[in-house]
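Shown next: final-v9.cif, given as mmCIF, C-alpha atoms.
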```
data_input
loop_
_atom_site.label_atom_id
_atom_site.label_comp_id
_atom_site.auth_asym_id
_atom_site.auth_seq_id
_atom_site.Cartn_x
_atom_site.Cartn_y
_atom_site.Cartn_z
CA MET A 1460 -29.73 -21.39 26.97
CA VAL A 1461 -28.13 -17.96 26.46
CA VAL A 1462 -26.29 -19.27 23.40
CA GLY A 1463 -29.50 -20.71 21.98
CA LEU A 1464 -31.19 -17.38 22.53
CA ILE A 1465 -28.40 -15.44 20.81
CA VAL A 1466 -28.13 -17.80 17.83
CA THR A 1467 -31.90 -17.74 17.26
CA LEU A 1468 -32.21 -13.96 17.61
CA PRO A 1469 -34.01 -12.22 14.71
CA SER A 1470 -31.45 -10.94 12.20
CA ARG A 1471 -32.06 -7.28 13.08
CA ALA A 1472 -31.62 -7.83 16.82
CA GLY A 1473 -28.58 -10.01 16.17
CA GLN A 1474 -27.07 -7.27 14.03
CA ARG A 1475 -27.69 -4.72 16.78
CA LEU A 1476 -26.02 -6.96 19.35
CA GLU A 1477 -23.09 -7.55 17.02
CA GLU A 1478 -22.72 -3.81 16.48
CA ALA A 1479 -22.85 -3.24 20.24
CA PHE A 1480 -19.99 -5.69 20.72
CA GLY A 1481 -18.16 -4.13 17.80
CA VAL A 1482 -18.24 -0.80 19.65
CA LEU A 1483 -16.12 -2.40 22.40
CA PHE A 1484 -13.25 -2.49 19.94
CA THR A 1485 -13.49 1.15 18.87
CA PRO A 1486 -10.84 2.42 21.34
CA PHE A 1487 -8.53 -0.44 20.35
CA PHE A 1488 -8.91 0.31 16.64
CA GLU A 1489 -8.38 4.02 17.24
CA VAL A 1490 -5.21 3.43 19.23
CA ALA A 1491 -3.96 1.06 16.54
CA ALA A 1492 -4.70 3.59 13.78
CA ALA A 1493 -2.92 6.33 15.74
CA ALA A 1494 0.10 4.06 16.26
CA GLU A 1495 0.19 3.20 12.55
CA ASN A 1496 -0.01 6.90 11.62
CA LEU A 1497 2.81 7.74 14.02
CA GLN A 1498 4.94 4.97 12.55
CA GLN A 1499 4.21 6.20 9.04
CA GLU A 1500 5.05 9.79 9.98
CA ALA A 1501 8.28 8.71 11.64
CA LYS A 1502 9.25 6.76 8.52
CA GLU A 1503 8.54 9.74 6.29
CA ARG A 1504 10.57 12.07 8.48
CA LEU A 1505 13.56 9.78 8.09
CA VAL A 1506 13.51 9.95 4.27
CA PRO A 1507 16.16 12.40 2.96
CA ARG A 1508 15.00 15.57 1.19
CA SER A 1509 16.64 14.61 -2.12
CA VAL A 1510 14.71 11.33 -2.24
CA LEU A 1511 11.44 13.14 -1.47
CA GLU A 1512 12.13 15.70 -4.21
CA GLY A 1513 12.84 12.89 -6.70
CA ARG A 1514 9.63 11.17 -5.71
CA LEU A 1515 7.66 14.42 -6.06
CA HIS A 1516 9.10 14.99 -9.53
CA SER A 1517 8.18 11.50 -10.75
CA LEU A 1518 4.70 11.78 -9.21
CA ARG A 1519 4.15 15.12 -11.00
CA GLN A 1520 5.11 13.53 -14.31
CA LYS A 1521 2.84 10.57 -13.63
CA ASN A 1522 0.01 12.94 -12.69
CA GLN A 1523 0.36 14.81 -15.99
CA ARG A 1524 0.36 11.56 -17.96
CA LEU A 1525 -2.76 10.38 -16.10
CA GLN A 1526 -4.51 13.72 -16.68
CA LEU A 1527 -3.88 13.44 -20.44
CA ARG A 1528 -5.15 9.88 -20.38
CA ALA A 1529 -8.24 10.90 -18.39
CA GLN A 1530 -9.03 13.62 -20.94
CA ARG A 1531 -8.80 11.09 -23.78
CA LEU A 1532 -10.95 8.62 -21.85
CA GLU A 1533 -13.57 11.27 -21.13
CA THR A 1534 -13.89 11.96 -24.86
CA LEU A 1535 -14.18 8.24 -25.55
CA GLN A 1536 -16.73 7.85 -22.76
CA ARG A 1537 -18.89 10.64 -24.17
CA GLU A 1538 -18.64 9.13 -27.63
CA ASN A 1539 -19.49 5.68 -26.26
CA ALA A 1540 -22.51 7.03 -24.37
CA GLN A 1541 -23.79 8.76 -27.54
CA LEU A 1542 -23.38 5.60 -29.63
CA ARG A 1543 -25.07 3.46 -26.94
CA LYS A 1544 -27.96 5.94 -26.87
CA MET A 1545 -28.27 5.83 -30.64
CA LEU A 1546 -28.34 2.02 -30.59
CA GLY A 1547 -30.85 2.00 -27.73
CA PHE A 1548 -28.54 0.18 -25.26
CA LYS A 1549 -29.25 0.33 -21.53
CA LYS A 1550 -27.28 3.00 -19.69
CA ARG A 1551 -24.28 1.60 -17.85
CA THR A 1552 -24.06 1.84 -14.08
CA GLU A 1553 -21.67 4.56 -13.00
CA TRP A 1554 -19.46 3.67 -10.04
CA ARG A 1555 -17.99 6.14 -7.58
CA LEU A 1556 -14.89 4.95 -5.72
CA LYS A 1557 -14.42 5.59 -2.02
CA PRO A 1558 -11.08 4.74 -0.37
CA ALA A 1559 -11.09 2.69 2.82
CA ARG A 1560 -8.40 1.55 5.22
CA VAL A 1561 -8.18 -2.12 6.25
CA VAL A 1562 -8.40 -2.14 10.05
CA GLY A 1563 -8.57 -5.84 10.84
CA ARG A 1564 -8.81 -9.41 9.57
CA ASP A 1565 -11.10 -12.26 10.49
CA PRO A 1566 -9.74 -13.83 13.70
CA ALA A 1567 -11.18 -17.22 12.67
CA ASN A 1568 -9.14 -19.36 10.30
CA TRP A 1569 -12.13 -20.71 8.40
CA TRP A 1570 -13.36 -17.45 6.87
CA ARG A 1571 -11.64 -14.98 4.58
CA SER A 1572 -12.86 -11.55 5.49
CA LEU A 1573 -11.55 -8.22 6.64
CA ARG A 1574 -12.84 -5.05 8.24
CA ILE A 1575 -12.64 -1.58 6.73
CA ASN A 1576 -13.06 1.82 8.35
CA LEU A 1577 -16.19 2.83 6.41
CA GLY A 1578 -19.70 2.17 7.63
CA ARG A 1579 -23.33 3.14 7.34
CA GLU A 1580 -22.54 6.78 8.06
CA ASP A 1581 -20.28 6.81 4.97
CA GLY A 1582 -23.04 5.49 2.71
CA ILE A 1583 -21.83 1.89 2.64
CA LYS A 1584 -24.39 -0.83 1.93
CA THR A 1585 -24.20 -4.61 1.77
CA ASN A 1586 -23.05 -6.31 -1.45
CA LEU A 1587 -21.11 -3.31 -2.77
CA PRO A 1588 -18.00 -4.45 -4.68
CA VAL A 1589 -14.59 -3.75 -3.16
CA ARG A 1590 -11.46 -3.46 -5.30
CA THR A 1591 -7.89 -2.27 -5.48
CA VAL A 1592 -5.94 -1.04 -8.50
CA ASP A 1593 -4.88 -4.66 -9.09
CA GLY A 1594 -8.39 -6.09 -9.21
CA LEU A 1595 -11.42 -7.36 -7.34
CA VAL A 1596 -11.13 -7.91 -3.58
CA GLY A 1597 -14.64 -9.01 -2.62
CA ARG A 1598 -17.95 -7.58 -1.48
CA ILE A 1599 -19.36 -5.87 1.59
CA SER A 1600 -21.11 -8.49 3.72
CA GLU A 1601 -22.01 -6.60 6.90
CA VAL A 1602 -22.28 -2.89 7.59
CA GLY A 1603 -21.79 -1.32 10.99
CA VAL A 1604 -22.02 2.31 12.02
CA SER A 1605 -18.39 3.18 11.28
CA GLN A 1606 -16.93 -0.14 10.08
CA SER A 1607 -17.89 -2.81 7.58
CA GLN A 1608 -16.95 -6.39 6.87
CA VAL A 1609 -15.70 -7.42 3.45
CA VAL A 1610 -15.82 -11.07 2.36
CA LEU A 1611 -12.85 -11.76 0.15
CA LEU A 1612 -12.66 -13.72 -3.08
CA GLY A 1613 -12.02 -17.31 -2.06
CA ASP A 1614 -14.45 -17.20 0.86
CA PRO A 1615 -17.46 -19.52 0.61
CA LYS A 1616 -19.74 -16.47 0.93
CA CYS A 1617 -18.20 -14.72 -2.11
CA ARG A 1618 -18.75 -16.44 -5.45
CA VAL A 1619 -18.21 -14.41 -8.58
CA ALA A 1620 -19.21 -14.94 -12.20
CA GLY A 1621 -16.05 -14.60 -14.28
CA LEU A 1622 -14.82 -15.05 -17.80
CA VAL A 1623 -11.53 -15.68 -19.54
CA LYS A 1624 -10.64 -12.34 -21.12
CA SER A 1625 -9.12 -13.74 -24.30
CA THR A 1626 -11.65 -16.45 -25.16
CA ARG A 1627 -14.79 -15.16 -23.32
CA GLU A 1628 -15.34 -18.59 -21.69
CA SER A 1629 -17.47 -17.99 -18.61
CA GLY A 1630 -17.64 -19.78 -15.27
CA VAL A 1631 -17.86 -19.19 -11.54
CA VAL A 1632 -14.98 -18.31 -9.21
CA THR A 1633 -15.33 -20.36 -6.02
CA PRO A 1634 -13.09 -21.17 -3.01
CA ARG A 1635 -10.37 -23.68 -3.74
CA ALA A 1636 -11.53 -27.05 -2.46
CA ASN A 1637 -9.32 -28.62 0.22
CA VAL A 1638 -6.69 -25.90 0.04
CA VAL A 1639 -7.08 -23.38 2.82
CA ILE A 1640 -3.51 -22.30 3.47
CA ASP A 1641 -2.88 -20.27 0.31
CA PRO A 1642 -5.47 -17.47 0.18
CA LEU A 1643 -4.36 -16.47 -3.30
CA GLU A 1644 -5.69 -19.50 -5.15
CA VAL A 1645 -9.30 -20.08 -6.19
CA ASP A 1646 -11.19 -22.47 -8.44
CA PHE A 1647 -12.78 -21.36 -11.69
CA LYS A 1648 -15.63 -23.81 -12.13
CA PHE A 1649 -18.51 -24.73 -14.42
CA LEU A 1650 -16.64 -23.94 -17.62
CA PRO A 1651 -17.90 -25.84 -20.70
CA SER A 1652 -16.09 -29.11 -21.46
CA ASN A 1653 -14.58 -27.66 -24.64
CA ALA A 1654 -13.51 -24.40 -22.97
CA LYS A 1655 -10.47 -22.87 -24.58
CA MET A 1656 -7.89 -21.28 -22.32
CA GLU A 1657 -4.21 -21.34 -21.67
CA ILE A 1658 -1.97 -20.97 -18.67
CA GLY A 1659 -1.53 -17.28 -17.92
CA ASP A 1660 -4.88 -16.25 -19.43
CA ARG A 1661 -6.52 -13.43 -17.52
CA VAL A 1662 -9.84 -13.99 -15.74
CA VAL A 1663 -12.11 -10.98 -15.20
CA THR A 1664 -15.62 -10.44 -13.81
CA SER A 1665 -18.32 -11.14 -16.37
CA GLY A 1666 -20.89 -8.77 -14.89
CA GLN A 1667 -23.48 -11.56 -14.73
CA GLY A 1668 -25.40 -11.67 -11.49
CA GLY A 1669 -25.49 -7.91 -11.23
CA LEU A 1670 -23.34 -7.49 -8.12
CA PHE A 1671 -19.97 -6.87 -9.71
CA PRO A 1672 -19.24 -4.64 -12.68
CA LYS A 1673 -17.93 -6.20 -15.86
CA GLY A 1674 -14.21 -6.44 -16.55
CA LEU A 1675 -12.64 -6.26 -13.07
CA PRO A 1676 -9.44 -8.33 -12.99
CA ILE A 1677 -9.69 -11.48 -10.85
CA GLY A 1678 -6.58 -13.50 -11.61
CA GLU A 1679 -4.57 -15.67 -13.99
CA VAL A 1680 -5.12 -19.29 -14.97
CA ILE A 1681 -2.51 -21.62 -13.44
CA ASP A 1682 -3.78 -24.94 -14.83
CA THR A 1683 -6.92 -26.63 -16.11
CA GLN A 1684 -8.49 -30.06 -15.79
CA SER A 1685 -11.55 -31.90 -16.99
CA VAL A 1686 -14.03 -32.84 -14.23
CA ASP A 1687 -17.29 -34.77 -13.75
CA TYR A 1688 -16.47 -37.34 -16.45
CA GLY A 1689 -15.67 -34.63 -18.96
CA LEU A 1690 -18.87 -32.63 -18.47
CA TYR A 1691 -17.06 -29.53 -17.27
CA THR A 1692 -13.64 -27.95 -17.26
CA GLU A 1693 -12.17 -26.51 -14.10
CA ALA A 1694 -9.22 -24.13 -13.77
CA ARG A 1695 -7.00 -23.10 -10.90
CA VAL A 1696 -6.66 -19.31 -10.74
CA LYS A 1697 -4.04 -17.23 -8.99
CA LEU A 1698 -5.65 -14.01 -7.72
CA THR A 1699 -4.16 -10.70 -8.84
CA VAL A 1700 -4.72 -9.02 -5.47
CA ASN A 1701 -2.42 -10.09 -2.66
CA PHE A 1702 -4.78 -10.18 0.33
CA ASN A 1703 -1.90 -10.63 2.79
CA ARG A 1704 -0.62 -7.13 2.11
CA LEU A 1705 -3.85 -5.20 1.70
CA GLN A 1706 -3.86 -1.86 3.49
CA THR A 1707 -6.14 0.30 1.38
CA VAL A 1708 -9.10 -0.76 -0.73
CA TRP A 1709 -11.75 1.08 -2.78
CA VAL A 1710 -15.45 0.56 -2.21
CA MET A 1711 -17.46 0.93 -5.42
CA LEU A 1712 -20.57 2.98 -4.74
CA ASP A 1713 -23.41 2.81 -7.18
CA GLU A 1714 -24.03 6.38 -8.44
CA ARG A 1715 -27.78 5.77 -8.79
CA SER A 1716 -28.14 5.09 -5.05
CA MET B 257 -8.52 -4.03 44.93
CA ARG B 258 -10.52 -7.25 45.10
CA GLY B 259 -12.07 -8.23 41.76
CA VAL B 260 -9.41 -6.49 39.70
CA ASN B 261 -8.27 -9.86 38.40
CA ASN B 262 -11.79 -10.67 37.17
CA ILE B 263 -12.14 -7.35 35.35
CA LEU B 264 -8.65 -7.73 33.95
CA LEU B 265 -9.56 -11.19 32.68
CA ILE B 266 -12.57 -9.84 30.76
CA ILE B 267 -10.59 -6.90 29.34
CA THR B 268 -7.78 -9.29 28.33
CA ALA B 269 -10.31 -11.45 26.47
CA ILE B 270 -11.46 -8.42 24.45
CA ALA B 271 -7.86 -7.30 23.86
CA ILE B 272 -6.89 -10.81 22.70
CA VAL B 273 -9.72 -10.86 20.15
CA PHE B 274 -8.67 -7.42 18.89
CA LEU B 275 -5.02 -8.50 18.56
CA GLU B 276 -6.06 -11.66 16.71
CA SER B 277 -7.86 -9.43 14.24
CA TRP B 278 -5.15 -6.78 13.99
CA ILE B 279 -1.91 -8.80 13.97
CA THR B 280 -1.37 -10.58 10.67
CA ILE B 281 2.18 -11.80 11.07
CA PHE B 282 1.24 -15.33 12.21
CA ARG B 283 -1.18 -15.70 9.33
CA ARG B 284 1.48 -14.52 6.88
CA LEU B 285 4.30 -16.66 8.29
CA LEU B 286 2.49 -19.78 9.48
CA GLY B 287 -0.70 -19.70 7.41
CA ALA B 288 -2.91 -19.67 10.51
CA GLN B 289 -4.06 -17.24 13.17
CA ILE B 290 -3.36 -18.21 16.77
CA GLU B 291 -6.38 -18.40 19.05
CA LEU B 292 -5.73 -17.54 22.71
CA LEU B 293 -9.22 -17.36 24.22
CA PRO B 294 -9.14 -21.07 25.21
CA THR B 295 -5.97 -20.42 27.23
CA LEU B 296 -7.87 -17.78 29.24
CA MET B 297 -10.64 -20.33 29.77
CA VAL B 298 -8.02 -22.74 31.16
CA PHE B 299 -6.99 -20.18 33.78
CA ALA B 300 -10.62 -19.31 34.58
CA GLY B 301 -11.51 -22.99 34.83
CA LEU B 302 -8.68 -23.65 37.25
CA ARG B 303 -9.01 -20.59 39.47
CA LYS B 304 -12.40 -18.95 39.09
CA GLY B 305 -16.06 -19.70 39.74
CA LEU B 306 -18.69 -20.83 37.27
CA ILE B 307 -20.27 -17.37 36.98
CA LEU B 308 -17.03 -15.79 35.82
CA ILE B 309 -16.34 -18.72 33.49
CA GLY B 310 -19.76 -18.16 31.92
CA LEU B 311 -19.25 -14.40 31.69
CA LEU B 312 -15.80 -14.79 30.15
CA ALA B 313 -17.08 -17.28 27.57
CA LEU B 314 -20.00 -14.99 26.75
CA VAL B 315 -17.98 -11.78 26.38
CA GLY B 316 -15.01 -13.45 24.67
CA GLY B 317 -17.18 -15.51 22.33
CA LEU B 318 -19.45 -12.63 21.33
CA ALA B 319 -16.46 -10.33 20.85
CA LEU B 320 -14.80 -12.91 18.59
CA ASP B 321 -17.95 -13.46 16.56
CA SER B 322 -18.56 -9.73 16.16
CA LEU B 323 -15.16 -9.30 14.46
CA SER B 324 -15.46 -12.54 12.52
CA ALA B 325 -17.79 -13.78 9.80
CA ASN B 326 -19.07 -16.36 12.33
CA PRO B 327 -22.78 -16.09 13.14
CA LEU B 328 -23.11 -14.33 16.49
CA GLY B 329 -22.88 -16.67 19.48
CA VAL B 330 -21.29 -19.78 17.91
CA SER B 331 -17.99 -19.40 19.80
CA VAL B 332 -19.62 -19.03 23.23
CA LEU B 333 -20.64 -22.64 23.86
CA PRO B 334 -17.26 -24.27 23.02
CA LEU B 335 -15.43 -21.79 25.23
CA PHE B 336 -17.84 -22.29 28.10
CA LEU B 337 -17.64 -26.09 27.83
CA VAL B 338 -13.84 -25.98 28.01
CA GLY B 339 -13.94 -23.77 31.11
CA PHE B 340 -16.74 -25.78 32.70
CA LEU B 341 -15.02 -29.16 32.24
CA ILE B 342 -11.74 -27.88 33.67
CA HIS B 343 -13.63 -26.32 36.58
CA ARG B 344 -15.50 -29.56 37.25
CA TYR B 345 -12.35 -31.69 37.41
CA ARG B 346 -9.96 -29.11 38.81
CA ALA B 347 -9.62 -31.02 42.11
CA TYR B 348 -7.83 -33.77 40.16
CA ILE B 349 -5.51 -31.41 38.27
CA LEU B 350 -2.10 -30.28 39.49
CA LYS B 351 -3.01 -26.71 38.72
CA GLU B 352 0.20 -25.21 40.12
CA GLU B 353 2.36 -27.24 37.72
CA ARG B 354 3.36 -25.59 34.46
CA TYR B 355 3.34 -28.84 32.46
CA ALA B 356 -0.24 -29.50 33.59
CA GLN B 357 -1.21 -26.03 32.39
CA LEU B 358 0.59 -26.66 29.10
CA LEU B 359 -1.28 -29.92 28.54
CA LEU B 360 -4.58 -28.30 29.45
CA GLY B 361 -3.79 -25.47 27.02
CA VAL B 362 -3.03 -27.98 24.25
CA ALA B 363 -6.30 -29.81 24.92
CA ALA B 364 -8.36 -26.61 25.17
CA CYS B 365 -6.87 -25.08 22.00
CA GLY B 366 -7.41 -28.38 20.19
CA VAL B 367 -10.99 -28.94 21.24
CA THR B 368 -12.39 -25.39 20.96
CA PRO B 369 -11.98 -24.91 17.16
CA ILE B 370 -13.33 -28.39 16.47
CA MET B 371 -16.42 -27.73 18.59
CA THR B 372 -16.91 -24.32 16.97
CA LEU B 373 -16.71 -25.92 13.52
CA LEU B 374 -19.26 -28.54 14.57
CA VAL B 375 -21.62 -25.79 15.76
CA LEU B 376 -21.09 -23.92 12.46
CA LEU B 377 -21.76 -27.02 10.37
CA SER B 378 -24.84 -27.84 12.42
CA LEU B 379 -26.15 -24.34 11.67
CA GLY B 380 -25.77 -25.00 7.93
CA GLN B 381 -22.74 -22.75 7.45
CA GLN B 382 -19.98 -23.65 4.97
CA PRO B 383 -16.68 -22.76 6.60
CA LEU B 384 -13.49 -23.06 4.59
CA ILE B 385 -12.08 -26.42 5.70
CA GLY B 386 -9.79 -28.89 3.98
CA TRP B 387 -6.56 -30.80 4.52
CA GLY B 388 -4.77 -27.52 5.16
CA SER B 389 -7.04 -26.98 8.16
CA LEU B 390 -5.19 -29.81 9.91
CA LEU B 391 -1.97 -27.84 9.71
CA GLN B 392 -3.75 -24.70 10.93
CA TRP B 393 -5.23 -26.69 13.82
CA LEU B 394 -1.79 -28.05 14.74
CA ILE B 395 -0.33 -24.53 14.78
CA MET B 396 -3.19 -23.31 16.99
CA VAL B 397 -2.75 -26.25 19.38
CA VAL B 398 1.03 -25.85 19.74
CA ALA B 399 1.00 -22.07 20.07
CA GLY B 400 -1.99 -22.03 22.41
CA GLY B 401 -0.48 -24.78 24.57
CA MET B 402 2.81 -22.91 24.86
CA ALA B 403 1.06 -19.65 25.75
CA THR B 404 -1.08 -21.19 28.52
CA PRO B 405 1.58 -21.40 31.28
CA PHE B 406 2.57 -17.79 30.60
CA ILE B 407 -1.01 -16.53 30.78
CA CYS B 408 -1.75 -18.63 33.88
CA GLY B 409 1.46 -17.37 35.53
CA LEU B 410 0.58 -13.76 34.77
CA PHE B 411 -2.92 -13.94 36.17
CA GLU B 412 -1.80 -15.99 39.20
CA ARG B 413 0.60 -13.18 40.02
CA VAL B 414 -2.17 -10.59 39.72
CA GLN B 415 -4.44 -12.77 41.84
CA ARG B 416 -1.81 -13.11 44.57
CA SER B 417 -1.22 -9.37 44.63
CA GLU B 418 -4.88 -8.58 45.23
CA LYS B 419 -5.25 -10.89 48.27
CA GLU B 420 -5.61 -9.15 51.64
CA PRO B 421 -2.27 -9.18 53.49
CA VAL B 422 -2.12 -11.69 56.39
CA ALA B 423 -2.41 -9.89 59.71
CA ALA B 424 0.74 -10.12 61.86
CA GLU B 425 0.53 -12.10 65.10
CA PRO B 426 -0.18 -9.70 67.99
CA SER B 427 2.61 -9.45 70.53
CA PHE B 428 0.10 -9.64 73.36
CA ARG B 429 0.13 -12.95 75.25
CA GLU B 430 -2.49 -13.79 77.82
CA ASP B 431 -0.13 -15.81 80.00
CA ARG B 432 2.14 -12.80 80.40
CA GLU B 433 -0.58 -10.34 81.30
CA ILE B 434 0.00 -8.47 84.50
CA VAL B 435 -3.11 -8.76 86.59
CA ARG B 436 -3.34 -5.92 88.99
CA GLY B 437 -4.48 -6.81 92.46
CA ARG B 438 -6.41 -4.63 94.78
#
```
Starting from the file, lay out its structure as structure tokens.
Amino acid sequence: MVVGLIVTLPSRAGQRLEEAFGVLFTPFFEVAAAAENLQQEAKERLVPRSVLEGRLHSLRQKNQRLQLRAQRLETLQRENAQLRKMLGFKKRTEWRLKPARVVGRDPANWWRSLRINLGREDGIKTNLPVRTVDGLVGRISEVGVSQSQVVLLGDPKCRVAGLVKSTRESGVVTPRANVVIDPLEVDFKFLPSNAKMEIGDRVVTSGQGGLFPKGLPIGEVIDTQSVDYGLYTEARVKLTVNFNRLQTVWVMLDERS
Amino acid sequence: MRGVNNILLIITAIAIVFLESWITIFRRLLGAQIELLPTLMVFAGLRKGLILIGLLALVGGLALDSLSANPLGVSVLPLFLVGFLIHRYRAYILKEERYAQLLLGVAACGVTPIMTLLVLLSLGQQPLIGWGSLLQWLIMVVAGGMATPFICGLFERVQRSEKEPVAAEPSFREDREIVRGR
């Protein structure tokens, strides 16, 4: 009876109850974060000074290169905005990136999700895209006070409109049917029967659907096959982001909101 | 100190759920996360009353669902059923024997995910299942079964330590009492 009551709770009450149970884990997560920080600090203290100096030098060089590149991109961005305005194009959504630490994974084997240390108090909302430097990770599915849940690419609750970068063939990235062990493989479905693509072609977000910005890397085509009596083409895609080793991600906040 | 074992059992359930979320090594090496809540239900079913079994299933299940993408409450019923069935037939189980605990752990860890999946499917959810799930299930069953005797042994030890010590026999004997006369 209690279970029936909980399952049929209105979504708002259910969310409150879920948050209340999530609070139980706060001390555990804090202890874990402190332990990880200590471990990291201990590791850093063990690195010799010469290695640290070398690393600092290369990071300074990289920083200068990136600053020059950013200046060039800013000029291009301004120019692009002016041209778009002249042509009467709609203004592009500006995204602000907020770093987040991965604090936990889904304990159940039948979902692909993780928890990050940003929540409502950090301005996080549902459906915001989450990425790393390598590419798209997924979207925010649930927001708590100080933590949020991210459904990863390859989860049934995260389907993304994508396109092959070289040929502009568009389809939908869905979980890989019948393969649940390798979290790095997904299906790229609903491509036209005459879709042109080759092994190794890059798949990126198409921007259709409105949730994800255009051009975020998703993965690379591993192989293709014709399905549904030749009506569609389907491809197997290897994701660019290795979810097994994710520690830090970036939440993309819409500047307008 | 009475009741410490019960509180410890509930805290362990929450800690287990946290560790399942935090530790990724099993997922990376074996391709599946190990689920240890059913092993706690085995111990509770063998040694505890129905109220604690219900409470453990409720807290453990809700804690698991709050960290997972499961809808809230779906894990409670399978956990409770496992504990309830073991409790109902515990008179016929050699609960002191480690191999019996191991077999119960195997059964509990095998049945719980299947029941949870059935609840999920009946609620219209689309969990990620395929042929690979069989391998994941096998890993959960073997690991959970092996962990059950350890967990039972640990909590049995705690339970023994919280029992009131047996009072020593008094040295006074009625037949040796000196009755004073007048």
query: atom CA of B:Leu265 and atom CA of B:Leu337, how far apart in Å?
result: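 Distance between the two atoms: 17.6 Å.
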query: Rounded to one decimal in Å, what is the spacing between atom CA of A:Val1700 and atom CA of A:Val1663?
result: 12.4 Å
field: Resolved residues for the PyMOL selection byres ((chain B and resi 412-423) around 9) as JSON, numbers by chain
entry: {"B": [257, 258, 259, 260, 261, 262, 299, 303, 407, 408, 409, 410, 411, 424, 425, 426]}
- request: Could you expand the PyMOL selection byres ((chain A and resi 1646-1649) around 12) into the explicit residues it covers here, written as a PyMOL selection string?
  value: chain A and resi 1612-1615+1618-1623+1628-1638+1642-1645+1650-1654+1656+1661-1664+1677-1687+1689-1698
Can those selected residues be exported to a file as an mmCIF file, in the frame of the given file so that it contains C-alpha atoms?
```cif
data_model
loop_
_atom_site.group_PDB
_atom_site.id
_atom_site.type_symbol
_atom_site.label_atom_id
_atom_site.label_comp_id
_atom_site.auth_asym_id
_atom_site.auth_seq_id
_atom_site.Cartn_x
_atom_site.Cartn_y
_atom_site.Cartn_z
ATOM 1 C CA LEU A 1612 -12.660 -13.720 -3.080
ATOM 2 C CA GLY A 1613 -12.020 -17.310 -2.060
ATOM 3 C CA ASP A 1614 -14.450 -17.200 0.860
ATOM 4 C CA PRO A 1615 -17.460 -19.520 0.610
ATOM 5 C CA ARG A 1618 -18.750 -16.440 -5.450
ATOM 6 C CA VAL A 1619 -18.210 -14.410 -8.580
ATOM 7 C CA ALA A 1620 -19.210 -14.940 -12.200
ATOM 8 C CA GLY A 1621 -16.050 -14.600 -14.280
ATOM 9 C CA LEU A 1622 -14.820 -15.050 -17.800
ATOM 10 C CA VAL A 1623 -11.530 -15.680 -19.540
ATOM 11 C CA GLU A 1628 -15.340 -18.590 -21.690
ATOM 12 C CA SER A 1629 -17.470 -17.990 -18.610
ATOM 13 C CA GLY A 1630 -17.640 -19.780 -15.270
ATOM 14 C CA VAL A 1631 -17.860 -19.190 -11.540
ATOM 15 C CA VAL A 1632 -14.980 -18.310 -9.210
ATOM 16 C CA THR A 1633 -15.330 -20.360 -6.020
ATOM 17 C CA PRO A 1634 -13.090 -21.170 -3.010
ATOM 18 C CA ARG A 1635 -10.370 -23.680 -3.740
ATOM 19 C CA ALA A 1636 -11.530 -27.050 -2.460
ATOM 20 C CA ASN A 1637 -9.320 -28.620 0.220
ATOM 21 C CA VAL A 1638 -6.690 -25.900 0.040
ATOM 22 C CA PRO A 1642 -5.470 -17.470 0.180
ATOM 23 C CA LEU A 1643 -4.360 -16.470 -3.300
ATOM 24 C CA GLU A 1644 -5.690 -19.500 -5.150
ATOM 25 C CA VAL A 1645 -9.300 -20.080 -6.190
ATOM 26 C CA LEU A 1650 -16.640 -23.940 -17.620
ATOM 27 C CA PRO A 1651 -17.900 -25.840 -20.700
ATOM 28 C CA SER A 1652 -16.090 -29.110 -21.460
ATOM 29 C CA ASN A 1653 -14.580 -27.660 -24.640
ATOM 30 C CA ALA A 1654 -13.510 -24.400 -22.970
ATOM 31 C CA MET A 1656 -7.890 -21.280 -22.320
ATOM 32 C CA ARG A 1661 -6.520 -13.430 -17.520
ATOM 33 C CA VAL A 1662 -9.840 -13.990 -15.740
ATOM 34 C CA VAL A 1663 -12.110 -10.980 -15.200
ATOM 35 C CA THR A 1664 -15.620 -10.440 -13.810
ATOM 36 C CA ILE A 1677 -9.690 -11.480 -10.850
ATOM 37 C CA GLY A 1678 -6.580 -13.500 -11.610
ATOM 38 C CA GLU A 1679 -4.570 -15.670 -13.990
ATOM 39 C CA VAL A 1680 -5.120 -19.290 -14.970
ATOM 40 C CA ILE A 1681 -2.510 -21.620 -13.440
ATOM 41 C CA ASP A 1682 -3.780 -24.940 -14.830
ATOM 42 C CA THR A 1683 -6.920 -26.630 -16.110
ATOM 43 C CA GLN A 1684 -8.490 -30.060 -15.790
ATOM 44 C CA SER A 1685 -11.550 -31.900 -16.990
ATOM 45 C CA VAL A 1686 -14.030 -32.840 -14.230
ATOM 46 C CA ASP A 1687 -17.290 -34.770 -13.750
ATOM 47 C CA GLY A 1689 -15.670 -34.630 -18.960
ATOM 48 C CA LEU A 1690 -18.870 -32.630 -18.470
ATOM 49 C CA TYR A 1691 -17.060 -29.530 -17.270
ATOM 50 C CA THR A 1692 -13.640 -27.950 -17.260
ATOM 51 C CA GLU A 1693 -12.170 -26.510 -14.100
ATOM 52 C CA ALA A 1694 -9.220 -24.130 -13.770
ATOM 53 C CA ARG A 1695 -7.000 -23.100 -10.900
ATOM 54 C CA VAL A 1696 -6.660 -19.310 -10.740
ATOM 55 C CA LYS A 1697 -4.040 -17.230 -8.990
ATOM 56 C CA LEU A 1698 -5.650 -14.010 -7.720
#
```
field: Nearest candidate to A:Lys1624 (options A:Leu1535, A:Leu1675, A:Val1604, A:Leu1587; using all atoms listed in the file)
entry: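 For A:Lys1624, the nearest of the given residues is A:Leu1675.
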